[in-house]
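Scroll down for the structure; my scribbles are underneath it.
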Amino acid sequence: METIAIYLVVIFGCGFLARLIKLPTLVGYLAAGFILHAPGIEELPIIDAFAELGVTILLFTIGLKLDVRMLFRREVFLTTAVNLLVILGLTTGFLGLLAAIGFGTIAGEGWKTLALLGFALSFSSTVFVVQVLDERSESHSLYGRIAIGILVLQDVVAVGYLTAMRGEPPSLWAFALILLIPGAWIVRKLWNRLGHGELQALFGVTMAFVPGYWLFETVGIKGDFGAMIVGLLLASHPRAAELSRTLFGLRELLLVGFFVSIGLHVTPTFETVALGLILVVLLPIEAALFTFLLAMFGLRRRTSILAGLALANFSEFGLIVISTGVDADLVGEDWLVVISVAVAASFVVSTLVNRRGSRWVARLSAFVPTTAAARAHPDDAPIDLSEARAMVLGLGRVGSSAYRRLVDEYGLEVIGVENDPIKVADLRERGFDVIEADATETDFWERCVGVDGLELLVLAMPFHGSNLIALDRLERRQFDGSVAVVAQYDDEREELLRRGADVAFHIYEGTGVGLADAAAEVAGLQR
């Protein structure tokens, strides 16, 4: 128990200190791992178990939110392929240059070792990038979805490599995994009977670890990759987003173990730390490559730059790749230390850069080629609002009712905004004029043309934080029309009013009809 107490105090203290100096807590957890390892404090196996559980649940929730169509878009799969090849070549060449000048540990290493190291450093971190996107509420933004798509394809490549390194192909029973497709249909039917409490959370964990992790590991395929596949098979269920939110807190807690574990298993020396830090100079090259590749596919400068900055880091898969190389006597153990330092340092650098992402966009835009309008990506094109008099953000039960009321009773031209592609398709079939976009991202408001001509905005998004972000975006745009917003609790209602809403409608006081009437009243509209 004494060791557990030491771990808890150090991990919490480092996380809290990181928060005080305005760094993400994961940077503190990385530091905690090195601090706990340095004096030789006994390692706790439960930390590694937490790390593995956290990554598994993370990939399961990515699957729940993943639109598989994104993986087949050229800006995703071609960017992934070109980036892997170019970064592999550049990194191998850079390491070869260091070897040629006789720098420390790398002096005298052969080209096979250098190529393996280059391959390990060619991936971006799924765990880190998803955390950055979640903290900024931009996982549904265009650049966020592209980044996640690239990460998923990189994970597929890494899983293929690790499977090959096992020395034997997956079991023939792996072909039986095709039965997961009809099995998922049965599970989706049972899911409807679970309710919304702890049983649903337990269901999610069970799906991630039993048909996901355990079943795939049993047939010789990496387990956390299996968890993502199972999440993807369940993504079409109406409660998929709810389950992802339910697992969020558990996932974040378990991922503390992942970041701590990076520093727990290595003993740095001056040479290995120096080489790990030198490798960080490759990150700007990676960011620039991602940015230019995405710009070539018609994405706007802002979208390309933000995706490039988010993906400019080294991956936990690099550690696994080098670990398998150590086991196969392809590289020495010192390289595990070097890559661990490089991964940890890349997280720190990427955190500092991405916190100031918007400022970097303004500075770097001049260096990114302008895309011709004819080639502009359809998901990144301007949004014309000039014909609309009102806009409803969030078309769930309340938002869609408010939309209909404003159209049918007040005769307004209304445009809706919804970030769920499945829901968007359904709404369009029912006659709604709806845009698939995320109103919480700055990018959305920069794409909008004619916002100042709107008389009324209705914020009906299900999360209080999302509505607050939208209010902040509107304030920056100096929107002078009327704003109505939904609230679940009295304290949330008061905060929304303080932040600029003209009316905050308590969701338990009525339906979307009441919200529309309250919005129309404050805007001075007549039926």
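Just remember, in the structure tokens the first chain shown is A, the second B, etc., residues are 1-based per chain, and ligands are 1-based in the order shown.
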
Show me a table, sorted first by chain and then by increasing residue number, of the residues of region 90-170 of chain A having an atom at most 10 Å from region 20-27 of chain A, each with its shortest atom pair and the distance in Å to one decimal, counting only C-alpha atoms and written as a Markdown table.
```
| residue | atom | partner | partner_atom | distance |
| --- | --- | --- | --- | --- |
| A:Phe128 | CA | A:Leu26 | CA | 8.7 |
| A:Gln131 | CA | A:Leu26 | CA | 9.1 |
| A:Val132 | CA | A:Pro24 | CA | 8.9 |
| A:Glu135 | CA | A:Pro24 | CA | 9.1 |
```

So that I can check the surroundings of Ile11 (chain A), please list as a PDB file with all heavy atoms, in the first residue's frame every protein, DNA and RNA residue that reaches within 8 Å of it, counting only C-alpha atoms and ignoring chain neighbours fewer than 5 positions away.
```pdb
ATOM      1  N   GLY A  28       2.282  16.245 -17.288  1.00  0.00           N
ATOM      2  CA  GLY A  28       2.634  15.934 -15.904  1.00  0.00           C
ATOM      3  C   GLY A  28       2.739  14.442 -15.667  1.00  0.00           C
ATOM      4  O   GLY A  28       3.621  13.973 -14.939  1.00  0.00           O
ATOM      5  N   TYR A  29       1.840  13.674 -16.270  1.00  0.00           N
ATOM      6  CA  TYR A  29       1.875  12.223 -16.098  1.00  0.00           C
ATOM      7  C   TYR A  29       3.132  11.623 -16.730  1.00  0.00           C
ATOM      8  O   TYR A  29       3.717  10.667 -16.196  1.00  0.00           O
ATOM      9  CB  TYR A  29       0.628  11.586 -16.698  1.00  0.00           C
ATOM     10  CG  TYR A  29      -0.669  12.130 -16.142  1.00  0.00           C
ATOM     11  CD1 TYR A  29      -1.793  12.289 -16.955  1.00  0.00           C
ATOM     12  CD2 TYR A  29      -0.767  12.509 -14.807  1.00  0.00           C
ATOM     13  CE1 TYR A  29      -2.981  12.796 -16.448  1.00  0.00           C
ATOM     14  CE2 TYR A  29      -1.949  13.026 -14.293  1.00  0.00           C
ATOM     15  CZ  TYR A  29      -3.050  13.176 -15.118  1.00  0.00           C
ATOM     16  OH  TYR A  29      -4.220  13.679 -14.612  1.00  0.00           O
ATOM     17  N   ALA A  32       5.813  12.231 -14.320  1.00  0.00           N
ATOM     18  CA  ALA A  32       5.668  11.354 -13.151  1.00  0.00           C
ATOM     19  C   ALA A  32       6.315   9.999 -13.396  1.00  0.00           C
ATOM     20  O   ALA A  32       6.940   9.422 -12.494  1.00  0.00           O
ATOM     21  CB  ALA A  32       4.189  11.180 -12.816  1.00  0.00           C
ATOM     22  N   GLY A  33       6.170   9.477 -14.617  1.00  0.00           N
ATOM     23  CA  GLY A  33       6.785   8.187 -14.930  1.00  0.00           C
ATOM     24  C   GLY A  33       8.287   8.220 -14.782  1.00  0.00           C
ATOM     25  O   GLY A  33       8.887   7.318 -14.171  1.00  0.00           O
ATOM     26  N   VAL A 260       2.048   7.513 -17.784  1.00  0.00           N
ATOM     27  CA  VAL A 260       3.012   7.222 -16.720  1.00  0.00           C
ATOM     28  C   VAL A 260       3.931   6.076 -17.131  1.00  0.00           C
ATOM     29  O   VAL A 260       5.143   6.108 -16.887  1.00  0.00           O
ATOM     30  CB  VAL A 260       2.278   6.874 -15.412  1.00  0.00           C
ATOM     31  CG1 VAL A 260       3.262   6.394 -14.342  1.00  0.00           C
ATOM     32  CG2 VAL A 260       1.506   8.080 -14.880  1.00  0.00           C
TER      33      VAL A 260
END
```

statement: Restricting to only C-alpha atoms, whichever of A:Ser261, A:Asn419, A:Thr267, A:Thr303 is closest to Asp67 (chain A) is A:Asn419

Can you list, as a compact mmCIF listing (two decimals) with C-alpha atoms, in the first residue's frame, all residues belonging to region 100-259 of chain A that DSSP tags as alpha helix (DSSP H)?
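Output saved as out_2.txt:
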```txt
# COMPACT_ATOMS: atom_id res chain seq x y z
CA ALA A 100 28.16 9.11 -40.40
CA TRP A 111 20.98 0.65 -42.57
CA LYS A 112 18.50 -2.00 -41.38
CA THR A 113 18.58 -0.55 -37.88
CA LEU A 114 18.23 2.98 -39.24
CA ALA A 115 15.28 1.95 -41.44
CA LEU A 116 13.51 0.31 -38.47
CA LEU A 117 14.02 3.47 -36.41
CA GLY A 118 12.72 5.60 -39.27
CA PHE A 119 9.66 3.38 -39.56
CA ALA A 120 9.02 3.63 -35.80
CA THR A 126 -3.54 8.21 -31.74
CA VAL A 127 -3.78 8.59 -27.96
CA PHE A 128 -2.27 12.08 -27.92
CA VAL A 129 -4.10 13.50 -30.95
CA VAL A 130 -7.52 12.28 -29.79
CA GLN A 131 -6.93 13.86 -26.38
CA VAL A 132 -5.95 17.18 -27.99
CA LEU A 133 -9.05 17.13 -30.21
CA ASP A 134 -11.35 16.24 -27.30
CA GLU A 135 -9.92 19.01 -25.12
CA LEU A 142 -13.19 18.51 -40.67
CA TYR A 143 -9.51 18.68 -39.75
CA GLY A 144 -10.21 16.49 -36.69
CA ARG A 145 -11.99 13.82 -38.73
CA ILE A 146 -9.21 13.84 -41.33
CA ALA A 147 -6.56 13.53 -38.61
CA ILE A 148 -8.39 10.59 -37.00
CA GLY A 149 -8.79 8.92 -40.40
CA ILE A 150 -5.04 9.21 -41.02
CA LEU A 151 -4.30 7.86 -37.54
CA VAL A 152 -6.55 4.85 -38.10
CA LEU A 153 -4.81 3.98 -41.37
CA GLN A 154 -1.42 4.38 -39.70
CA ASP A 155 -2.60 2.00 -36.98
CA VAL A 156 -3.59 -0.52 -39.66
CA VAL A 157 -0.05 -0.35 -41.09
CA ALA A 158 1.48 -0.73 -37.62
CA VAL A 159 -0.76 -3.70 -36.78
CA GLY A 160 0.25 -5.35 -40.07
CA TYR A 161 3.92 -4.90 -39.20
CA LEU A 162 3.52 -6.22 -35.65
CA THR A 163 1.59 -9.23 -36.92
CA ALA A 164 4.38 -10.00 -39.39
CA MET A 165 7.02 -9.61 -36.65
CA LEU A 180 -18.75 -10.40 -36.01
CA ILE A 181 -20.77 -8.62 -38.71
CA PRO A 182 -24.02 -10.57 -38.15
CA GLY A 183 -23.11 -10.76 -34.46
CA ALA A 184 -23.00 -6.96 -34.27
CA TRP A 185 -26.52 -6.82 -35.72
CA ILE A 186 -27.77 -9.02 -32.85
CA VAL A 187 -25.86 -6.95 -30.27
CA ARG A 188 -27.37 -3.72 -31.60
CA LYS A 189 -30.84 -5.18 -31.09
CA LEU A 190 -30.02 -6.14 -27.47
CA TRP A 191 -28.46 -2.74 -26.86
CA GLU A 198 -24.15 1.77 -15.38
CA LEU A 199 -25.26 -1.29 -17.36
CA GLN A 200 -24.57 0.57 -20.60
CA ALA A 201 -21.05 1.48 -19.43
CA LEU A 202 -20.43 -2.14 -18.47
CA PHE A 203 -21.73 -3.17 -21.89
CA GLY A 204 -19.22 -0.89 -23.60
CA VAL A 205 -16.28 -2.21 -21.59
CA THR A 206 -17.39 -5.80 -22.27
CA MET A 207 -17.65 -5.19 -26.01
CA LEU A 215 -11.07 -12.44 -29.39
CA PHE A 216 -8.62 -10.77 -31.77
CA GLU A 217 -5.62 -11.60 -29.56
CA THR A 218 -6.77 -15.22 -29.47
CA GLY A 223 -6.21 -6.80 -29.46
CA ASP A 224 -6.66 -3.04 -29.25
CA PHE A 225 -7.03 -2.94 -33.04
CA GLY A 226 -9.82 -5.49 -32.59
CA ALA A 227 -11.50 -3.18 -30.08
CA MET A 228 -11.59 -0.44 -32.73
CA ILE A 229 -13.13 -2.83 -35.27
CA VAL A 230 -15.87 -3.84 -32.82
CA GLY A 231 -16.54 -0.16 -32.07
CA LEU A 232 -16.82 0.48 -35.80
CA LEU A 233 -19.36 -2.37 -36.18
CA LEU A 234 -21.50 -0.78 -33.45
CA ALA A 240 -23.18 5.06 -30.04
CA ALA A 241 -22.42 8.72 -29.24
CA GLU A 242 -24.01 8.35 -25.80
CA LEU A 243 -21.89 5.27 -25.05
CA SER A 244 -18.75 7.11 -26.14
CA ARG A 245 -19.58 9.93 -23.71
CA THR A 246 -20.35 7.42 -20.94
CA LEU A 247 -16.91 5.80 -21.32
CA PHE A 248 -15.07 9.13 -21.56
CA GLY A 249 -14.30 9.53 -17.84
CA LEU A 250 -13.16 5.92 -17.43
CA ARG A 251 -11.02 6.17 -20.56
CA GLU A 252 -9.29 9.34 -19.37
CA LEU A 253 -8.53 7.84 -15.95
CA LEU A 254 -7.07 4.65 -17.42
CA LEU A 255 -4.98 6.59 -19.94
CA VAL A 256 -3.13 8.15 -17.01
CA GLY A 257 -1.49 4.74 -16.73
CA PHE A 258 -0.43 4.89 -20.37
CA PHE A 259 1.41 8.20 -20.05
```

- request: Tell me which of A:Ala388, A:Ile305, A:Glu436, A:Phe209 sits closest to Ile415 (chain A), counting only C-alpha atoms.
  value: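 Checking each candidate against Ile415 (chain A), we get A:Ala388 as the closest.
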
- request: Using DSSP on the backbone coordinates, identify all residues within region 231-457 of chain A classified as strand (DSSP E); present the result as JSON, numbers by chain.
  value: {"A": [383, 384, 390, 391, 392, 393, 414, 415, 416, 417, 418, 434, 435, 436, 448, 449, 456, 457]}

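Counting only C-alpha atoms, the residue from A:Gly212, A:Gly15, A:Pro45, A:Gly96 that sits nearest to Thr3 (chain A) is A:Pro45.
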
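Of note, CA of Asp517 (chain A) and CA of Val503 (chain A) are spaced 10.9 Å apart.
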
Selection: 7 Å around Met391 (chain A), only C-alpha atoms, excl. self and same-chain fewer than 6 positions, as a PyMOL selection string: chain A and resi 414-416+456-458

message: Give me, as a list in words, all polymer residues having an atom no more than 8 Å from Leu319 (chain A), counting only C-alpha atoms and skipping those fewer than 2 positions away in the same chain.
response: Ala120, Ser315, Glu316, Phe317, Val321, Ile322, Ser323, Leu336, Ile339 and Ser340 of chain A

With N, CA, C and O atoms retained, write the just-selected residues as a short mmCIF file (atom, residue, chain, number, x, y, z; two decimals), in the first residue's frame.
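Once everything was written out, this is result_23.cif:
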```
data_model
loop_
_atom_site.label_atom_id
_atom_site.label_comp_id
_atom_site.auth_asym_id
_atom_site.auth_seq_id
_atom_site.Cartn_x
_atom_site.Cartn_y
_atom_site.Cartn_z
N ALA A 120 9.63 3.42 -37.12
CA ALA A 120 9.02 3.63 -35.80
C ALA A 120 8.62 5.09 -35.58
O ALA A 120 7.63 5.38 -34.90
N SER A 315 4.62 8.43 -32.08
CA SER A 315 3.53 7.58 -31.60
C SER A 315 3.98 6.54 -30.59
O SER A 315 5.13 6.08 -30.59
N GLU A 316 3.03 6.15 -29.74
CA GLU A 316 3.23 5.01 -28.84
C GLU A 316 3.52 3.73 -29.63
O GLU A 316 4.19 2.82 -29.13
N PHE A 317 3.03 3.66 -30.88
CA PHE A 317 3.33 2.50 -31.70
C PHE A 317 4.82 2.42 -32.00
O PHE A 317 5.37 1.33 -32.24
N VAL A 321 7.01 -0.91 -31.80
CA VAL A 321 7.82 -1.37 -32.93
C VAL A 321 9.27 -1.62 -32.48
O VAL A 321 9.87 -2.66 -32.80
N ILE A 322 9.84 -0.68 -31.72
CA ILE A 322 11.21 -0.85 -31.25
C ILE A 322 11.30 -1.98 -30.24
O ILE A 322 12.29 -2.74 -30.21
N SER A 323 10.27 -2.12 -29.42
CA SER A 323 10.28 -3.22 -28.44
C SER A 323 10.33 -4.57 -29.15
O SER A 323 11.07 -5.48 -28.73
N LEU A 336 15.24 1.76 -27.15
CA LEU A 336 13.94 1.89 -26.50
C LEU A 336 13.92 3.15 -25.64
O LEU A 336 12.91 3.85 -25.56
N ILE A 339 13.76 6.26 -28.15
CA ILE A 339 12.42 6.47 -28.70
C ILE A 339 11.45 6.92 -27.61
O ILE A 339 10.57 7.76 -27.86
N SER A 340 11.59 6.40 -26.39
CA SER A 340 10.74 6.83 -25.28
C SER A 340 10.92 8.32 -25.01
O SER A 340 9.95 9.07 -24.83
#
```

message: Would you pick out the contacts of Ser350 (chain A) at 7 Å or less, using only C-alpha atoms, so that residues sharing its chain but fewer than 3 positions from it are not included, and give the list as a PyMOL selection string?
response: chain A and resi 312-313+346-347+353-354

Create the file for the chosen residues now, containing N, CA and C atoms and written as a PDB file, in the first residue's frame.
```
ATOM      1  N   ALA A 312       1.746  16.261 -35.822  1.00  0.00           N
ATOM      2  CA  ALA A 312       3.207  16.383 -35.721  1.00  0.00           C
ATOM      3  C   ALA A 312       3.675  15.915 -34.348  1.00  0.00           C
ATOM      4  N   ASN A 313       3.746  14.630 -34.153  1.00  0.00           N
ATOM      5  CA  ASN A 313       4.256  14.028 -32.929  1.00  0.00           C
ATOM      6  C   ASN A 313       4.629  12.588 -33.219  1.00  0.00           C
ATOM      7  N   SER A 346       8.091  14.829 -27.879  1.00  0.00           N
ATOM      8  CA  SER A 346       7.181  15.247 -28.954  1.00  0.00           C
ATOM      9  C   SER A 346       5.816  15.614 -28.391  1.00  0.00           C
ATOM     10  N   PHE A 347       5.376  14.917 -27.342  1.00  0.00           N
ATOM     11  CA  PHE A 347       4.103  15.251 -26.711  1.00  0.00           C
ATOM     12  C   PHE A 347       4.154  16.649 -26.102  1.00  0.00           C
ATOM     13  N   VAL A 353       2.546  23.705 -29.059  1.00  0.00           N
ATOM     14  CA  VAL A 353       2.207  24.223 -30.382  1.00  0.00           C
ATOM     15  C   VAL A 353       0.700  24.229 -30.596  1.00  0.00           C
ATOM     16  N   ASN A 354       0.032  23.121 -30.264  1.00  0.00           N
ATOM     17  CA  ASN A 354      -1.401  23.016 -30.533  1.00  0.00           C
ATOM     18  C   ASN A 354      -2.236  23.911 -29.624  1.00  0.00           C
TER      19      ASN A 354
END
```
